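To start, the structure under review is shown below, and the notes come after it.
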Amino acid sequence: MCATRALAWPCDQVDARIELVADVPADAASLDENLNRLARRFVGTLTQPRVLQLRRLIIANAEAFPELGTAWYTQGFERVLETLTATFARLSDQRLLRVDDPLPAAHHFAGLLLWIPVDKAMCTGSPQHTEADLDNWAAAGARAFPAAYR
């Protein structure tokens with residue numbers, strides 16, 4: 001639940017992604033497909049122009065308004081990481097992934113997906129990606145992650 005009105009819309013989007021992350025089925029036959037679907041939705045959500053604009057604004061003003069930046073991180077990204085952590089621990093317990101420490105695994109998954117499109121958008125001032133770019137980055141991240149954790 002978001003504490004500030006300014007964060008309500010992005011947090012609603014995060015809540016939808018948290019539900020998606022929590023529902024990754026523990027099925028060996030469809031794990032790769034499910035991770036790819038999760039990756040694409042995750043990338044799509046966090047590269048929406050409105051989310052990127054708000055992220056830039058919060059980062060630019062983090063020193064002046066640290067409580068806003070803290071709320072943005074803890075109520076958004078940190079909640080997603082917590083859910084990814086629990087999901088990867090569950091998938092590891094079911095022997096679908098080999099995850100010694102699920103928190104770094106959650107960071108790795110997010111990093112594989114978001115580094116290119118979000119960093120590029122942060123530096124250039126606007127999204128510089130197409131839907132095909134997002135599909136490709138999500139698919140590449142979703143392929144790389146289980147290669148490291150199987």
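As shown in the structure tokens, the chain order sets the letters A, B, ...; within each chain, residues go from 1, and ligands are also counted from 1 in the order they appear.
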
| said: Need to verify the contact set: Ile58 (chain A), 9 Å, only C-alpha atoms, exclusion of same-chain residues closer than 4 positions in sequence. Can you return it as a list in words? | reply: Gln53, Leu54, Ala62, Phe65, Pro66, Leu68, Gly69 and Trp72 of chain A

When you look at Leu114 (chain A) with a cut-off of 10 Å (counting only C-alpha atoms), what residues show up, excluding the ones that are within fewer than 5 positions of it in the same chain? I need them as a PDB file with N, CA, C and O atoms, in the first residue's frame.
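Saved the output as result.pdb:
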ATOM      1  N   ALA A  39       9.007 -11.884 -17.262  1.00  0.00           N
ATOM      2  CA  ALA A  39      10.024 -10.909 -17.662  1.00  0.00           C
ATOM      3  C   ALA A  39       9.425  -9.837 -18.568  1.00  0.00           C
ATOM      4  O   ALA A  39       9.666  -8.637 -18.374  1.00  0.00           O
ATOM      5  N   PHE A  42       7.110  -7.530 -16.600  1.00  0.00           N
ATOM      6  CA  PHE A  42       7.911  -6.739 -15.665  1.00  0.00           C
ATOM      7  C   PHE A  42       8.593  -5.588 -16.402  1.00  0.00           C
ATOM      8  O   PHE A  42       8.506  -4.427 -15.995  1.00  0.00           O
ATOM      9  N   VAL A  43       9.251  -5.907 -17.513  1.00  0.00           N
ATOM     10  CA  VAL A  43       9.916  -4.881 -18.320  1.00  0.00           C
ATOM     11  C   VAL A  43       8.892  -3.882 -18.854  1.00  0.00           C
ATOM     12  O   VAL A  43       9.116  -2.676 -18.823  1.00  0.00           O
ATOM     13  N   GLY A  44       7.775  -4.368 -19.334  1.00  0.00           N
ATOM     14  CA  GLY A  44       6.744  -3.487 -19.871  1.00  0.00           C
ATOM     15  C   GLY A  44       6.210  -2.507 -18.846  1.00  0.00           C
ATOM     16  O   GLY A  44       5.986  -1.332 -19.152  1.00  0.00           O
ATOM     17  N   LEU A  46       7.784  -1.408 -16.021  1.00  0.00           N
ATOM     18  CA  LEU A  46       8.792  -0.463 -15.526  1.00  0.00           C
ATOM     19  C   LEU A  46       9.387   0.431 -16.604  1.00  0.00           C
ATOM     20  O   LEU A  46      10.162   1.326 -16.288  1.00  0.00           O
ATOM     21  N   THR A  47       9.000   0.221 -17.843  1.00  0.00           N
ATOM     22  CA  THR A  47       9.460   1.110 -18.912  1.00  0.00           C
ATOM     23  C   THR A  47       8.335   1.968 -19.475  1.00  0.00           C
ATOM     24  O   THR A  47       8.528   2.638 -20.488  1.00  0.00           O
ATOM     25  N   HIS A 108      19.470 -10.276  -9.472  1.00  0.00           N
ATOM     26  CA  HIS A 108      20.017 -10.669 -10.776  1.00  0.00           C
ATOM     27  C   HIS A 108      18.923 -10.686 -11.835  1.00  0.00           C
ATOM     28  O   HIS A 108      19.123 -10.197 -12.959  1.00  0.00           O
ATOM     29  N   PHE A 109      17.791 -11.262 -11.494  1.00  0.00           N
ATOM     30  CA  PHE A 109      16.677 -11.332 -12.444  1.00  0.00           C
ATOM     31  C   PHE A 109      16.250  -9.927 -12.866  1.00  0.00           C
ATOM     32  O   PHE A 109      16.146  -9.633 -14.062  1.00  0.00           O
ATOM     33  N   ASP A 119      18.097   2.010 -17.958  1.00  0.00           N
ATOM     34  CA  ASP A 119      19.281   2.866 -17.935  1.00  0.00           C
ATOM     35  C   ASP A 119      19.321   3.774 -19.160  1.00  0.00           C
ATOM     36  O   ASP A 119      19.599   4.964 -19.049  1.00  0.00           O
ATOM     37  N   LYS A 120      18.999   3.222 -20.308  1.00  0.00           N
ATOM     38  CA  LYS A 120      18.979   4.031 -21.529  1.00  0.00           C
ATOM     39  C   LYS A 120      17.936   5.144 -21.427  1.00  0.00           C
ATOM     40  O   LYS A 120      18.202   6.299 -21.762  1.00  0.00           O
ATOM     41  N   LEU A 134      11.772  -4.434 -26.224  1.00  0.00           N
ATOM     42  CA  LEU A 134      11.385  -4.953 -24.915  1.00  0.00           C
ATOM     43  C   LEU A 134      11.187  -6.462 -24.947  1.00  0.00           C
ATOM     44  O   LEU A 134      11.598  -7.165 -24.015  1.00  0.00           O
ATOM     45  N   TRP A 137      14.791  -7.953 -24.996  1.00  0.00           N
ATOM     46  CA  TRP A 137      15.499  -7.837 -23.713  1.00  0.00           C
ATOM     47  C   TRP A 137      14.882  -8.753 -22.669  1.00  0.00           C
ATOM     48  O   TRP A 137      15.593  -9.379 -21.884  1.00  0.00           O
ATOM     49  N   ALA A 138      13.560  -8.840 -22.648  1.00  0.00           N
ATOM     50  CA  ALA A 138      12.889  -9.728 -21.697  1.00  0.00           C
ATOM     51  C   ALA A 138      13.236 -11.185 -21.983  1.00  0.00           C
ATOM     52  O   ALA A 138      13.553 -11.947 -21.066  1.00  0.00           O
ATOM     53  N   GLY A 141      16.893 -11.902 -20.963  1.00  0.00           N
ATOM     54  CA  GLY A 141      17.019 -12.002 -19.513  1.00  0.00           C
ATOM     55  C   GLY A 141      16.393 -13.279 -18.976  1.00  0.00           C
ATOM     56  O   GLY A 141      16.954 -13.941 -18.098  1.00  0.00           O
TER      57      GLY A 141
END

| task | Apply DSSP to the backbone of this structure and, from region 20-127 of chain A, keep only the residues in alpha helix (DSSP H); write these as a count of residues only. | result | 77

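CA of Ala140 (chain A) sits 22.0 Å away from CA of Ala89 (chain A).
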